[in-house]
>>> print(open('start-v8.cif').read())   # mmCIF, N, CA and C atoms and all ligand atoms
data_work
loop_
_atom_site.label_atom_id
_atom_site.label_comp_id
_atom_site.auth_asym_id
_atom_site.auth_seq_id
_atom_site.Cartn_x
_atom_site.Cartn_y
_atom_site.Cartn_z
N MET A 25 19.32 -22.22 -27.97
CA MET A 25 17.87 -22.46 -28.10
C MET A 25 17.15 -21.21 -28.60
N ASP A 26 16.35 -21.38 -29.58
CA ASP A 26 15.60 -20.25 -30.12
C ASP A 26 14.32 -20.03 -29.31
N THR A 27 14.37 -19.07 -28.42
CA THR A 27 13.25 -18.90 -27.49
C THR A 27 11.99 -18.39 -28.17
N THR A 28 12.14 -17.63 -29.25
CA THR A 28 10.94 -17.10 -29.91
C THR A 28 10.09 -18.22 -30.49
N VAL A 29 10.77 -19.25 -30.98
CA VAL A 29 10.02 -20.40 -31.50
C VAL A 29 9.53 -21.27 -30.35
N GLU A 30 10.42 -21.53 -29.42
CA GLU A 30 10.08 -22.39 -28.28
C GLU A 30 8.87 -21.86 -27.51
N ALA A 31 8.78 -20.55 -27.41
CA ALA A 31 7.73 -19.96 -26.59
C ALA A 31 6.33 -20.37 -27.03
N LYS A 32 6.14 -20.58 -28.31
CA LYS A 32 4.80 -20.92 -28.79
C LYS A 32 4.55 -22.42 -28.83
N ARG A 33 5.61 -23.21 -28.67
CA ARG A 33 5.42 -24.66 -28.74
C ARG A 33 5.40 -25.22 -27.33
N TYR A 34 4.22 -25.61 -26.91
CA TYR A 34 4.09 -26.10 -25.56
C TYR A 34 4.05 -27.61 -25.57
N LYS A 35 4.79 -28.19 -24.67
CA LYS A 35 4.70 -29.63 -24.49
C LYS A 35 3.31 -29.97 -23.98
N ARG A 36 2.77 -31.07 -24.44
CA ARG A 36 1.48 -31.48 -23.89
C ARG A 36 1.63 -31.75 -22.41
N SER A 37 0.63 -31.41 -21.67
CA SER A 37 0.72 -31.64 -20.23
C SER A 37 -0.60 -32.16 -19.72
N ARG A 38 -0.50 -33.19 -18.92
CA ARG A 38 -1.70 -33.83 -18.38
C ARG A 38 -2.45 -32.85 -17.48
N GLN A 39 -1.67 -32.09 -16.70
CA GLN A 39 -2.31 -31.11 -15.83
C GLN A 39 -3.10 -30.09 -16.64
N ARG A 40 -2.48 -29.63 -17.73
CA ARG A 40 -3.15 -28.60 -18.54
C ARG A 40 -4.42 -29.16 -19.17
N GLU A 41 -4.35 -30.44 -19.62
CA GLU A 41 -5.54 -31.04 -20.19
C GLU A 41 -6.67 -31.12 -19.16
N ARG A 42 -6.30 -31.45 -17.93
CA ARG A 42 -7.31 -31.54 -16.88
C ARG A 42 -7.87 -30.16 -16.52
N ILE A 43 -7.02 -29.15 -16.57
CA ILE A 43 -7.48 -27.79 -16.29
C ILE A 43 -8.52 -27.38 -17.34
N LEU A 44 -8.22 -27.66 -18.60
CA LEU A 44 -9.16 -27.32 -19.67
C LEU A 44 -10.46 -28.11 -19.52
N ASP A 45 -10.29 -29.40 -19.21
CA ASP A 45 -11.42 -30.27 -18.96
C ASP A 45 -12.34 -29.75 -17.86
N THR A 46 -11.73 -29.37 -16.78
CA THR A 46 -12.47 -28.86 -15.62
C THR A 46 -13.23 -27.59 -16.01
N LEU A 47 -12.56 -26.76 -16.76
CA LEU A 47 -13.18 -25.51 -17.20
C LEU A 47 -14.34 -25.78 -18.16
N ARG A 48 -14.21 -26.82 -18.99
CA ARG A 48 -15.27 -27.13 -19.95
C ARG A 48 -16.48 -27.75 -19.28
N ARG A 49 -16.27 -28.35 -18.10
CA ARG A 49 -17.38 -29.01 -17.42
C ARG A 49 -18.23 -28.06 -16.59
N THR A 50 -17.83 -26.80 -16.48
CA THR A 50 -18.60 -25.86 -15.69
C THR A 50 -19.00 -24.66 -16.53
N ASP A 51 -20.15 -24.08 -16.19
CA ASP A 51 -20.47 -22.82 -16.86
C ASP A 51 -20.42 -21.67 -15.86
N SER A 52 -19.67 -21.88 -14.78
CA SER A 52 -19.65 -20.88 -13.72
C SER A 52 -18.55 -19.83 -13.90
N HIS A 53 -17.79 -19.93 -15.01
CA HIS A 53 -16.72 -18.95 -15.25
C HIS A 53 -15.83 -18.80 -14.03
N PRO A 54 -15.19 -19.89 -13.62
CA PRO A 54 -14.48 -19.88 -12.33
C PRO A 54 -13.18 -19.09 -12.36
N THR A 55 -12.67 -18.83 -11.17
CA THR A 55 -11.34 -18.25 -11.01
C THR A 55 -10.30 -19.37 -11.03
N ALA A 56 -9.05 -18.99 -11.14
CA ALA A 56 -7.96 -19.97 -11.09
C ALA A 56 -7.97 -20.72 -9.76
N ALA A 57 -8.31 -20.02 -8.69
CA ALA A 57 -8.32 -20.64 -7.36
C ALA A 57 -9.37 -21.76 -7.28
N TRP A 58 -10.50 -21.55 -7.92
CA TRP A 58 -11.55 -22.57 -7.93
C TRP A 58 -11.07 -23.82 -8.67
N ILE A 59 -10.42 -23.61 -9.81
CA ILE A 59 -9.90 -24.73 -10.59
C ILE A 59 -8.83 -25.47 -9.79
N TYR A 60 -8.00 -24.72 -9.13
CA TYR A 60 -6.97 -25.30 -8.28
C TYR A 60 -7.59 -26.19 -7.20
N ASP A 61 -8.64 -25.70 -6.55
CA ASP A 61 -9.34 -26.48 -5.53
C ASP A 61 -9.91 -27.78 -6.09
N GLU A 62 -10.44 -27.70 -7.31
CA GLU A 62 -11.02 -28.89 -7.94
C GLU A 62 -9.97 -29.97 -8.20
N LEU A 63 -8.75 -29.53 -8.53
CA LEU A 63 -7.75 -30.47 -9.04
C LEU A 63 -6.69 -30.90 -8.04
N LYS A 64 -6.61 -30.21 -6.91
CA LYS A 64 -5.47 -30.50 -6.04
C LYS A 64 -5.54 -31.88 -5.41
N ARG A 65 -6.74 -32.47 -5.31
CA ARG A 65 -6.84 -33.85 -4.83
C ARG A 65 -6.13 -34.81 -5.78
N ASP A 66 -6.36 -34.61 -7.08
CA ASP A 66 -5.76 -35.50 -8.08
C ASP A 66 -4.31 -35.18 -8.36
N PHE A 67 -3.93 -33.93 -8.16
CA PHE A 67 -2.54 -33.52 -8.42
C PHE A 67 -1.98 -32.86 -7.17
N PRO A 68 -1.50 -33.66 -6.23
CA PRO A 68 -1.02 -33.10 -4.96
C PRO A 68 0.12 -32.09 -5.14
N ASP A 69 0.86 -32.22 -6.24
CA ASP A 69 1.99 -31.30 -6.47
C ASP A 69 1.57 -29.98 -7.10
N LEU A 70 0.31 -29.92 -7.49
CA LEU A 70 -0.16 -28.73 -8.20
C LEU A 70 -0.09 -27.49 -7.32
N SER A 71 0.30 -26.37 -7.91
CA SER A 71 0.26 -25.10 -7.18
C SER A 71 -0.65 -24.13 -7.93
N LEU A 72 -1.11 -23.12 -7.22
CA LEU A 72 -1.96 -22.13 -7.85
C LEU A 72 -1.22 -21.43 -8.99
N GLY A 73 0.08 -21.23 -8.80
CA GLY A 73 0.91 -20.62 -9.84
C GLY A 73 0.91 -21.44 -11.12
N THR A 74 0.97 -22.76 -10.96
CA THR A 74 0.94 -23.65 -12.13
C THR A 74 -0.39 -23.54 -12.85
N VAL A 75 -1.47 -23.45 -12.09
CA VAL A 75 -2.79 -23.30 -12.70
C VAL A 75 -2.84 -22.02 -13.52
N TYR A 76 -2.36 -20.93 -12.93
CA TYR A 76 -2.32 -19.65 -13.65
C TYR A 76 -1.50 -19.75 -14.93
N ARG A 77 -0.32 -20.36 -14.80
CA ARG A 77 0.58 -20.46 -15.95
C ARG A 77 -0.08 -21.25 -17.08
N ASN A 78 -0.74 -22.36 -16.70
CA ASN A 78 -1.40 -23.17 -17.71
C ASN A 78 -2.62 -22.48 -18.33
N LEU A 79 -3.33 -21.73 -17.52
CA LEU A 79 -4.46 -20.97 -18.05
C LEU A 79 -3.97 -19.92 -19.05
N ASN A 80 -2.83 -19.32 -18.76
CA ASN A 80 -2.26 -18.35 -19.70
C ASN A 80 -1.87 -19.01 -21.01
N ILE A 81 -1.31 -20.21 -20.90
CA ILE A 81 -0.95 -20.95 -22.12
C ILE A 81 -2.21 -21.29 -22.92
N LEU A 82 -3.24 -21.77 -22.22
CA LEU A 82 -4.49 -22.11 -22.90
C LEU A 82 -5.10 -20.87 -23.57
N HIS A 83 -4.96 -19.74 -22.91
CA HIS A 83 -5.43 -18.48 -23.49
C HIS A 83 -4.64 -18.15 -24.75
N ASP A 84 -3.32 -18.31 -24.66
CA ASP A 84 -2.43 -18.13 -25.80
C ASP A 84 -2.83 -19.00 -26.97
N GLN A 85 -3.26 -20.21 -26.67
CA GLN A 85 -3.63 -21.17 -27.70
C GLN A 85 -5.05 -20.93 -28.21
N GLY A 86 -5.72 -19.94 -27.66
CA GLY A 86 -7.08 -19.62 -28.11
C GLY A 86 -8.13 -20.57 -27.57
N LEU A 87 -7.81 -21.31 -26.51
CA LEU A 87 -8.75 -22.31 -26.00
C LEU A 87 -9.59 -21.81 -24.83
N VAL A 88 -9.16 -20.75 -24.21
CA VAL A 88 -9.97 -20.17 -23.13
C VAL A 88 -10.01 -18.65 -23.27
N ARG A 89 -11.07 -18.11 -22.74
CA ARG A 89 -11.24 -16.67 -22.69
C ARG A 89 -10.98 -16.19 -21.28
N VAL A 90 -10.33 -15.06 -21.14
CA VAL A 90 -10.11 -14.46 -19.83
C VAL A 90 -11.12 -13.34 -19.67
N LEU A 91 -11.86 -13.36 -18.57
CA LEU A 91 -12.86 -12.31 -18.33
C LEU A 91 -12.35 -11.38 -17.26
N GLN A 92 -12.32 -10.12 -17.56
CA GLN A 92 -12.03 -9.15 -16.52
C GLN A 92 -13.34 -8.46 -16.19
N SER A 93 -14.06 -9.03 -15.25
CA SER A 93 -15.41 -8.53 -15.04
C SER A 93 -15.50 -7.60 -13.84
N GLY A 94 -14.46 -6.91 -13.56
CA GLY A 94 -14.53 -5.91 -12.52
C GLY A 94 -14.23 -6.44 -11.13
N SER A 95 -14.16 -7.75 -10.99
CA SER A 95 -13.79 -8.29 -9.68
C SER A 95 -12.27 -8.38 -9.60
N THR A 96 -11.77 -8.70 -8.45
CA THR A 96 -10.33 -8.69 -8.24
C THR A 96 -9.62 -9.77 -9.04
N PHE A 97 -10.28 -10.92 -9.19
CA PHE A 97 -9.62 -12.04 -9.84
C PHE A 97 -10.19 -12.28 -11.22
N ASP A 98 -9.32 -12.58 -12.14
CA ASP A 98 -9.78 -12.95 -13.47
C ASP A 98 -10.61 -14.23 -13.38
N ARG A 99 -11.61 -14.28 -14.23
CA ARG A 99 -12.36 -15.51 -14.38
C ARG A 99 -12.11 -16.07 -15.76
N PHE A 100 -12.33 -17.37 -15.91
CA PHE A 100 -11.98 -18.04 -17.15
C PHE A 100 -13.19 -18.74 -17.74
N ASP A 101 -13.21 -18.81 -19.06
CA ASP A 101 -14.34 -19.34 -19.80
C ASP A 101 -13.80 -20.22 -20.92
N ALA A 102 -14.24 -21.49 -20.95
CA ALA A 102 -13.79 -22.38 -22.02
C ALA A 102 -14.63 -22.20 -23.28
N ASP A 103 -15.70 -21.42 -23.18
CA ASP A 103 -16.52 -21.13 -24.35
C ASP A 103 -15.96 -19.89 -25.03
N THR A 104 -15.25 -20.11 -26.15
CA THR A 104 -14.57 -18.99 -26.80
C THR A 104 -15.43 -18.35 -27.90
N SER A 105 -16.67 -18.84 -28.06
CA SER A 105 -17.54 -18.23 -29.06
C SER A 105 -17.95 -16.83 -28.59
N VAL A 106 -18.47 -16.03 -29.52
CA VAL A 106 -18.89 -14.68 -29.16
C VAL A 106 -20.14 -14.75 -28.29
N HIS A 107 -20.02 -14.35 -27.06
CA HIS A 107 -21.18 -14.22 -26.19
C HIS A 107 -20.85 -13.22 -25.10
N TYR A 108 -21.87 -12.79 -24.39
CA TYR A 108 -21.69 -11.75 -23.40
C TYR A 108 -21.99 -12.30 -22.01
N HIS A 109 -21.73 -11.48 -20.99
CA HIS A 109 -21.89 -11.97 -19.63
C HIS A 109 -22.71 -11.02 -18.79
N PHE A 110 -23.47 -11.64 -17.89
CA PHE A 110 -24.19 -10.90 -16.87
C PHE A 110 -23.47 -11.15 -15.56
N VAL A 111 -23.07 -10.08 -14.89
CA VAL A 111 -22.32 -10.21 -13.64
C VAL A 111 -23.19 -9.73 -12.49
N CYS A 112 -23.42 -10.60 -11.50
CA CYS A 112 -24.19 -10.20 -10.33
C CYS A 112 -23.32 -9.34 -9.43
N GLN A 113 -23.81 -8.16 -9.12
CA GLN A 113 -23.02 -7.23 -8.31
C GLN A 113 -23.03 -7.59 -6.84
N ALA A 114 -23.92 -8.51 -6.45
CA ALA A 114 -23.96 -8.91 -5.04
C ALA A 114 -23.07 -10.12 -4.79
N CYS A 115 -23.23 -11.20 -5.58
CA CYS A 115 -22.47 -12.42 -5.30
C CYS A 115 -21.34 -12.67 -6.30
N GLY A 116 -21.28 -11.88 -7.35
CA GLY A 116 -20.18 -12.03 -8.30
C GLY A 116 -20.36 -13.12 -9.33
N LYS A 117 -21.52 -13.79 -9.28
CA LYS A 117 -21.78 -14.85 -10.25
C LYS A 117 -21.79 -14.31 -11.67
N VAL A 118 -21.25 -15.09 -12.61
CA VAL A 118 -21.19 -14.68 -14.01
C VAL A 118 -22.01 -15.65 -14.85
N GLU A 119 -22.98 -15.12 -15.58
CA GLU A 119 -23.82 -15.97 -16.42
C GLU A 119 -23.64 -15.60 -17.89
N ASP A 120 -23.79 -16.60 -18.76
CA ASP A 120 -23.72 -16.34 -20.19
C ASP A 120 -24.98 -15.64 -20.67
N VAL A 121 -24.82 -14.72 -21.59
CA VAL A 121 -25.95 -14.02 -22.18
C VAL A 121 -25.82 -14.13 -23.69
N ALA A 122 -26.83 -14.75 -24.32
CA ALA A 122 -26.83 -14.82 -25.77
C ALA A 122 -27.56 -13.60 -26.31
N PHE A 123 -26.90 -12.48 -26.27
CA PHE A 123 -27.53 -11.23 -26.66
C PHE A 123 -27.31 -11.01 -28.15
N PRO A 124 -28.40 -10.79 -28.89
CA PRO A 124 -28.28 -10.76 -30.36
C PRO A 124 -27.71 -9.44 -30.90
N LEU A 125 -26.44 -9.21 -30.68
CA LEU A 125 -25.79 -8.05 -31.30
C LEU A 125 -25.37 -8.42 -32.72
N PRO A 126 -25.29 -7.44 -33.59
CA PRO A 126 -24.85 -7.76 -34.96
C PRO A 126 -23.46 -8.39 -34.95
N HIS A 127 -23.30 -9.44 -35.76
CA HIS A 127 -22.02 -10.16 -35.76
C HIS A 127 -20.90 -9.31 -36.36
N ASP A 128 -21.29 -8.26 -37.12
CA ASP A 128 -20.27 -7.41 -37.73
C ASP A 128 -20.10 -6.09 -36.97
N LEU A 129 -20.37 -6.17 -35.66
CA LEU A 129 -20.28 -4.97 -34.82
C LEU A 129 -18.93 -4.25 -34.96
N ASP A 130 -17.84 -5.03 -34.92
CA ASP A 130 -16.52 -4.42 -35.01
C ASP A 130 -16.31 -3.69 -36.34
N GLU A 131 -16.77 -4.33 -37.42
CA GLU A 131 -16.64 -3.69 -38.74
C GLU A 131 -17.45 -2.41 -38.79
N ARG A 132 -18.68 -2.45 -38.24
CA ARG A 132 -19.51 -1.25 -38.24
C ARG A 132 -18.87 -0.13 -37.45
N ALA A 133 -18.34 -0.47 -36.27
CA ALA A 133 -17.67 0.52 -35.44
C ALA A 133 -16.46 1.08 -36.18
N SER A 134 -15.76 0.19 -36.84
CA SER A 134 -14.59 0.57 -37.61
C SER A 134 -14.97 1.60 -38.68
N ALA A 135 -16.06 1.32 -39.40
CA ALA A 135 -16.51 2.23 -40.46
C ALA A 135 -16.94 3.56 -39.86
N MET A 136 -17.64 3.50 -38.74
CA MET A 136 -18.14 4.71 -38.13
C MET A 136 -17.02 5.58 -37.57
N LEU A 137 -16.03 4.92 -36.97
CA LEU A 137 -14.95 5.66 -36.33
C LEU A 137 -13.83 6.03 -37.29
N GLY A 138 -13.82 5.36 -38.42
CA GLY A 138 -12.74 5.60 -39.38
C GLY A 138 -11.39 5.16 -38.86
N ARG A 139 -11.39 4.14 -38.02
CA ARG A 139 -10.12 3.56 -37.60
C ARG A 139 -10.28 2.07 -37.37
N VAL A 140 -9.15 1.42 -37.22
CA VAL A 140 -9.18 -0.04 -37.11
C VAL A 140 -9.71 -0.44 -35.73
N VAL A 141 -10.79 -1.20 -35.72
CA VAL A 141 -11.34 -1.74 -34.48
C VAL A 141 -11.04 -3.23 -34.45
N THR A 142 -10.41 -3.68 -33.38
CA THR A 142 -10.04 -5.10 -33.31
C THR A 142 -10.92 -5.89 -32.36
N GLY A 143 -11.78 -5.21 -31.63
CA GLY A 143 -12.65 -5.96 -30.74
C GLY A 143 -13.47 -5.01 -29.88
N HIS A 144 -14.31 -5.58 -29.04
CA HIS A 144 -15.13 -4.75 -28.16
C HIS A 144 -15.40 -5.54 -26.89
N ARG A 145 -15.91 -4.87 -25.90
CA ARG A 145 -16.20 -5.52 -24.63
C ARG A 145 -17.56 -5.06 -24.15
N LEU A 146 -18.36 -5.98 -23.68
CA LEU A 146 -19.68 -5.63 -23.17
C LEU A 146 -20.05 -6.58 -22.06
N ASP A 147 -20.31 -6.05 -20.89
CA ASP A 147 -20.79 -6.86 -19.77
C ASP A 147 -22.07 -6.23 -19.24
N PHE A 148 -22.98 -7.06 -18.80
CA PHE A 148 -24.19 -6.58 -18.14
C PHE A 148 -24.03 -6.76 -16.63
N PHE A 149 -24.52 -5.79 -15.88
CA PHE A 149 -24.42 -5.88 -14.42
C PHE A 149 -25.80 -5.77 -13.79
N GLY A 150 -25.95 -6.37 -12.64
CA GLY A 150 -27.22 -6.29 -11.94
C GLY A 150 -27.24 -7.32 -10.83
N LEU A 151 -28.44 -7.80 -10.49
CA LEU A 151 -28.56 -8.83 -9.46
C LEU A 151 -29.09 -10.11 -10.09
N CYS A 152 -28.50 -11.24 -9.74
CA CYS A 152 -29.02 -12.52 -10.19
C CYS A 152 -30.33 -12.80 -9.45
N ASN A 153 -31.08 -13.80 -9.89
CA ASN A 153 -32.39 -14.07 -9.28
C ASN A 153 -32.33 -14.35 -7.78
N PRO A 154 -31.47 -15.27 -7.34
CA PRO A 154 -31.40 -15.49 -5.88
C PRO A 154 -31.06 -14.21 -5.11
N CYS A 155 -30.14 -13.43 -5.61
CA CYS A 155 -29.75 -12.21 -4.90
C CYS A 155 -30.86 -11.17 -4.92
N SER A 156 -31.61 -11.07 -6.01
CA SER A 156 -32.65 -10.06 -6.01
C SER A 156 -33.82 -10.48 -5.14
N SER A 157 -34.10 -11.79 -5.00
CA SER A 157 -35.15 -12.17 -4.06
C SER A 157 -34.67 -12.06 -2.61
N ALA A 158 -33.39 -12.29 -2.38
CA ALA A 158 -32.85 -12.10 -1.03
C ALA A 158 -32.94 -10.64 -0.62
N GLU A 159 -32.77 -9.76 -1.60
CA GLU A 159 -32.78 -8.34 -1.31
C GLU A 159 -34.19 -7.82 -1.02
N SER A 160 -35.19 -8.35 -1.76
CA SER A 160 -36.55 -7.84 -1.57
C SER A 160 -37.23 -8.46 -0.36
N ALA A 161 -36.83 -9.69 0.04
CA ALA A 161 -37.47 -10.34 1.18
C ALA A 161 -36.64 -10.18 2.44
N ASP A 162 -37.04 -10.83 3.49
CA ASP A 162 -36.19 -11.21 4.59
C ASP A 162 -35.38 -10.15 5.34
N PRO A 163 -36.03 -9.26 6.03
CA PRO A 163 -35.30 -8.35 6.90
C PRO A 163 -34.61 -9.08 8.04
N VAL A 164 -35.14 -10.27 8.42
CA VAL A 164 -34.54 -11.07 9.48
C VAL A 164 -33.14 -11.52 9.09
N GLU A 165 -33.05 -12.03 7.87
CA GLU A 165 -31.79 -12.52 7.34
C GLU A 165 -30.73 -11.42 7.33
N THR A 166 -31.08 -10.24 6.83
CA THR A 166 -30.10 -9.15 6.77
C THR A 166 -29.81 -8.60 8.16
N GLY A 167 -30.83 -8.71 9.07
CA GLY A 167 -30.65 -8.25 10.42
C GLY A 167 -29.53 -8.96 11.17
N LYS A 168 -29.22 -10.18 10.69
CA LYS A 168 -28.19 -10.96 11.38
C LYS A 168 -26.78 -10.39 11.21
N LEU A 169 -26.60 -9.55 10.19
CA LEU A 169 -25.24 -9.07 9.90
C LEU A 169 -24.73 -8.08 10.94
ZN ZN B 201 -26.07 -12.95 -7.09
ZN ZN B 202 -19.22 -17.24 -20.87
#
>>> encode(input="start-v8.cif", output="structure tokens")
Amino acid sequence: MDTTVEAKRYKRSRQRERILDTLRRTDSHPTAAWIYDELKRDFPDLSLGTVYRNLNILHDQGLVRVLQSGSTFDRFDADTSVHYHFVCQACGKVEDVAFPLPHDLDERASAMLGRVVTGHRLDFFGLCNPCSSAESADPVETGKL
């Protein structure tokens, strides 16, 4: 068996289709564990490892983006278009940001640096609205901790 060829040819899988589907229905940029929780009712045999493996395949196929947003677990995004993310430092929520950066940013950086630039990474950090109002109000609430 020629593994180099086989490696890129994935058999269609119902589980993988559902994983992609689940990811496309949310804009919460979930972790693999969240997707696993969503699907384990329908697929009792599903394991978290299988979810990870399928997400990696989907990433390989260019169908999902993997976000390394500084938290312990990778988050996944079915929106593969160029966009940026705002990460709440209190609750970890990830929101899409349509920030108008030049579409030829990589080429410009390439010209400026005089070397090949293949991509860039940009995340915004701060507090989401619920977290920033929780922080400014309610000493009673925080007093409970
Ligand atoms: Zn938050
Ligand atoms: Zn996104």
>>> select_by_dssp(input="start-v8.cif", residues="stretch 49-134 of chain A", states="strand (DSSP E or B)", output="PDB file with N, CA and C atoms, keeping the file's coordinate frame")
ATOM      1  N   THR A  55     -12.670 -18.830 -11.170  1.00  0.00           N
ATOM      2  CA  THR A  55     -11.340 -18.250 -11.010  1.00  0.00           C
ATOM      3  C   THR A  55     -10.300 -19.370 -11.030  1.00  0.00           C
ATOM      4  N   ARG A  89     -11.070 -18.110 -22.740  1.00  0.00           N
ATOM      5  CA  ARG A  89     -11.240 -16.670 -22.690  1.00  0.00           C
ATOM      6  C   ARG A  89     -10.980 -16.190 -21.280  1.00  0.00           C
ATOM      7  N   VAL A  90     -10.330 -15.060 -21.140  1.00  0.00           N
ATOM      8  CA  VAL A  90     -10.110 -14.460 -19.830  1.00  0.00           C
ATOM      9  C   VAL A  90     -11.120 -13.340 -19.670  1.00  0.00           C
ATOM     10  N   LEU A  91     -11.860 -13.360 -18.570  1.00  0.00           N
ATOM     11  CA  LEU A  91     -12.860 -12.310 -18.330  1.00  0.00           C
ATOM     12  C   LEU A  91     -12.350 -11.380 -17.260  1.00  0.00           C
ATOM     13  N   ARG A  99     -11.610 -14.280 -14.230  1.00  0.00           N
ATOM     14  CA  ARG A  99     -12.360 -15.510 -14.380  1.00  0.00           C
ATOM     15  C   ARG A  99     -12.110 -16.070 -15.760  1.00  0.00           C
ATOM     16  N   PHE A 100     -12.330 -17.370 -15.910  1.00  0.00           N
ATOM     17  CA  PHE A 100     -11.980 -18.040 -17.150  1.00  0.00           C
ATOM     18  C   PHE A 100     -13.190 -18.740 -17.740  1.00  0.00           C
ATOM     19  N   ASP A 101     -13.210 -18.810 -19.060  1.00  0.00           N
ATOM     20  CA  ASP A 101     -14.340 -19.340 -19.800  1.00  0.00           C
ATOM     21  C   ASP A 101     -13.800 -20.220 -20.920  1.00  0.00           C
ATOM     22  N   TYR A 108     -21.870 -12.790 -24.390  1.00  0.00           N
ATOM     23  CA  TYR A 108     -21.690 -11.750 -23.400  1.00  0.00           C
ATOM     24  C   TYR A 108     -21.990 -12.300 -22.010  1.00  0.00           C
ATOM     25  N   HIS A 109     -21.730 -11.480 -20.990  1.00  0.00           N
ATOM     26  CA  HIS A 109     -21.890 -11.970 -19.630  1.00  0.00           C
ATOM     27  C   HIS A 109     -22.710 -11.020 -18.790  1.00  0.00           C
ATOM     28  N   PHE A 110     -23.470 -11.640 -17.890  1.00  0.00           N
ATOM     29  CA  PHE A 110     -24.190 -10.900 -16.870  1.00  0.00           C
ATOM     30  C   PHE A 110     -23.470 -11.150 -15.560  1.00  0.00           C
ATOM     31  N   VAL A 111     -23.070 -10.080 -14.890  1.00  0.00           N
ATOM     32  CA  VAL A 111     -22.320 -10.210 -13.640  1.00  0.00           C
ATOM     33  C   VAL A 111     -23.190  -9.730 -12.490  1.00  0.00           C
ATOM     34  N   CYS A 112     -23.420 -10.600 -11.500  1.00  0.00           N
ATOM     35  CA  CYS A 112     -24.190 -10.200 -10.330  1.00  0.00           C
ATOM     36  C   CYS A 112     -23.320  -9.340  -9.430  1.00  0.00           C
ATOM     37  N   VAL A 118     -21.250 -15.090 -12.610  1.00  0.00           N
ATOM     38  CA  VAL A 118     -21.190 -14.680 -14.010  1.00  0.00           C
ATOM     39  C   VAL A 118     -22.010 -15.650 -14.850  1.00  0.00           C
ATOM     40  N   GLU A 119     -22.980 -15.120 -15.580  1.00  0.00           N
ATOM     41  CA  GLU A 119     -23.820 -15.970 -16.420  1.00  0.00           C
ATOM     42  C   GLU A 119     -23.640 -15.600 -17.890  1.00  0.00           C
ATOM     43  N   ASP A 120     -23.790 -16.600 -18.760  1.00  0.00           N
ATOM     44  CA  ASP A 120     -23.720 -16.340 -20.190  1.00  0.00           C
ATOM     45  C   ASP A 120     -24.980 -15.640 -20.670  1.00  0.00           C
ATOM     46  N   VAL A 121     -24.820 -14.720 -21.590  1.00  0.00           N
ATOM     47  CA  VAL A 121     -25.950 -14.020 -22.180  1.00  0.00           C
ATOM     48  C   VAL A 121     -25.820 -14.130 -23.690  1.00  0.00           C
TER      49      VAL A 121
END
>>> residues_around(input="start-v8.cif", residues="A:Asp128", least_positions_apart="4", cutoff="12 Å", atoms="only C-alpha atoms", output="VMD selection string")
chain A and resid 106 124 132 to 135 141 to 144
>>> atom_distance(input="start-v8.cif", atom1="atom C of A:Arg99", atom2="atom CA of A:Gly73")
15.0 Å
>>> closest_atom_pairs(input="start-v8.cif", of="chain A", to="ligand ZN 201 (chain B)", cutoff="6 Å", atoms="all atoms listed in the file", output="JSON lines")
{"residue": "A:Cys112", "atom": "CA", "partner": "B:ZN201", "partner_atom": "ZN", "distance": 4.6}
{"residue": "A:Gln113", "atom": "N", "partner": "B:ZN201", "partner_atom": "ZN", "distance": 5.7}
{"residue": "A:Ala114", "atom": "C", "partner": "B:ZN201", "partner_atom": "ZN", "distance": 4.7}
{"residue": "A:Cys115", "atom": "N", "partner": "B:ZN201", "partner_atom": "ZN", "distance": 3.7}
{"residue": "A:Gly116", "atom": "N", "partner": "B:ZN201", "partner_atom": "ZN", "distance": 4.9}
{"residue": "A:Lys117", "atom": "N", "partner": "B:ZN201", "partner_atom": "ZN", "distance": 5.1}
{"residue": "A:Leu151", "atom": "C", "partner": "B:ZN201", "partner_atom": "ZN", "distance": 5.1}
{"residue": "A:Cys152", "atom": "N", "partner": "B:ZN201", "partner_atom": "ZN", "distance": 4.0}
{"residue": "A:Asn153", "atom": "N", "partner": "B:ZN201", "partner_atom": "ZN", "distance": 5.8}
{"residue": "A:Pro154", "atom": "C", "partner": "B:ZN201", "partner_atom": "ZN", "distance": 5.5}
{"residue": "A:Cys155", "atom": "CA", "partner": "B:ZN201", "partner_atom": "ZN", "distance": 4.3}
{"residue": "A:Ser156", "atom": "N", "partner": "B:ZN201", "partner_atom": "ZN", "distance": 5.9}
>>> atom_distance(input="start-v8.cif", atom1="atom CA of A:Ser52", atom2="atom CA of A:Leu70")
21.7 Å
>>> residues_near_ligand(input="start-v8.cif", ligand="ligand ZN 202 (chain B)", cutoff="8 Å", atoms="only N, CA and C atoms and all ligand atoms", output="list in words")
Asp51, Ser52, His53, Phe100, Asp101, Ala102, Asp103, Thr104, Ser105, Val106, His107, Tyr108, His109, Phe110, Val118, Glu119, Asp120 and Val121 of chain A
>>> closest_residue(input="start-v8.cif", among="A:Val90, A:Leu82, A:Val140, A:Leu72", to="A:Arg40", atoms="only N, CA and C atoms")
A:Leu82
>>> atom_distance(input="start-v8.cif", atom1="atom C of A:Arg65", atom2="atom CA of A:Gln92")
28.4 Å
>>> closest_residue(input="start-v8.cif", among="A:Gln39, A:Glu131, A:Met136, A:Ser160", to="A:Asp69", atoms="only C-alpha atoms")
A:Gln39
>>> residues_around(input="start-v8.cif", residues="A:Tyr60", least_positions_apart="4", cutoff="12 Å", atoms="only C-alpha atoms", output="number ranges by chain")
A: 39-40, 42-44, 46-47, 54-56, 64-79
>>> select_by_dssp(input="start-v8.cif", residues="chain A", states="helix (DSSP H, G or I)", output="PyMOL selection string")
chain A and resi 27-30+38-48+56-63+72-84+129-137+153-160+163-167
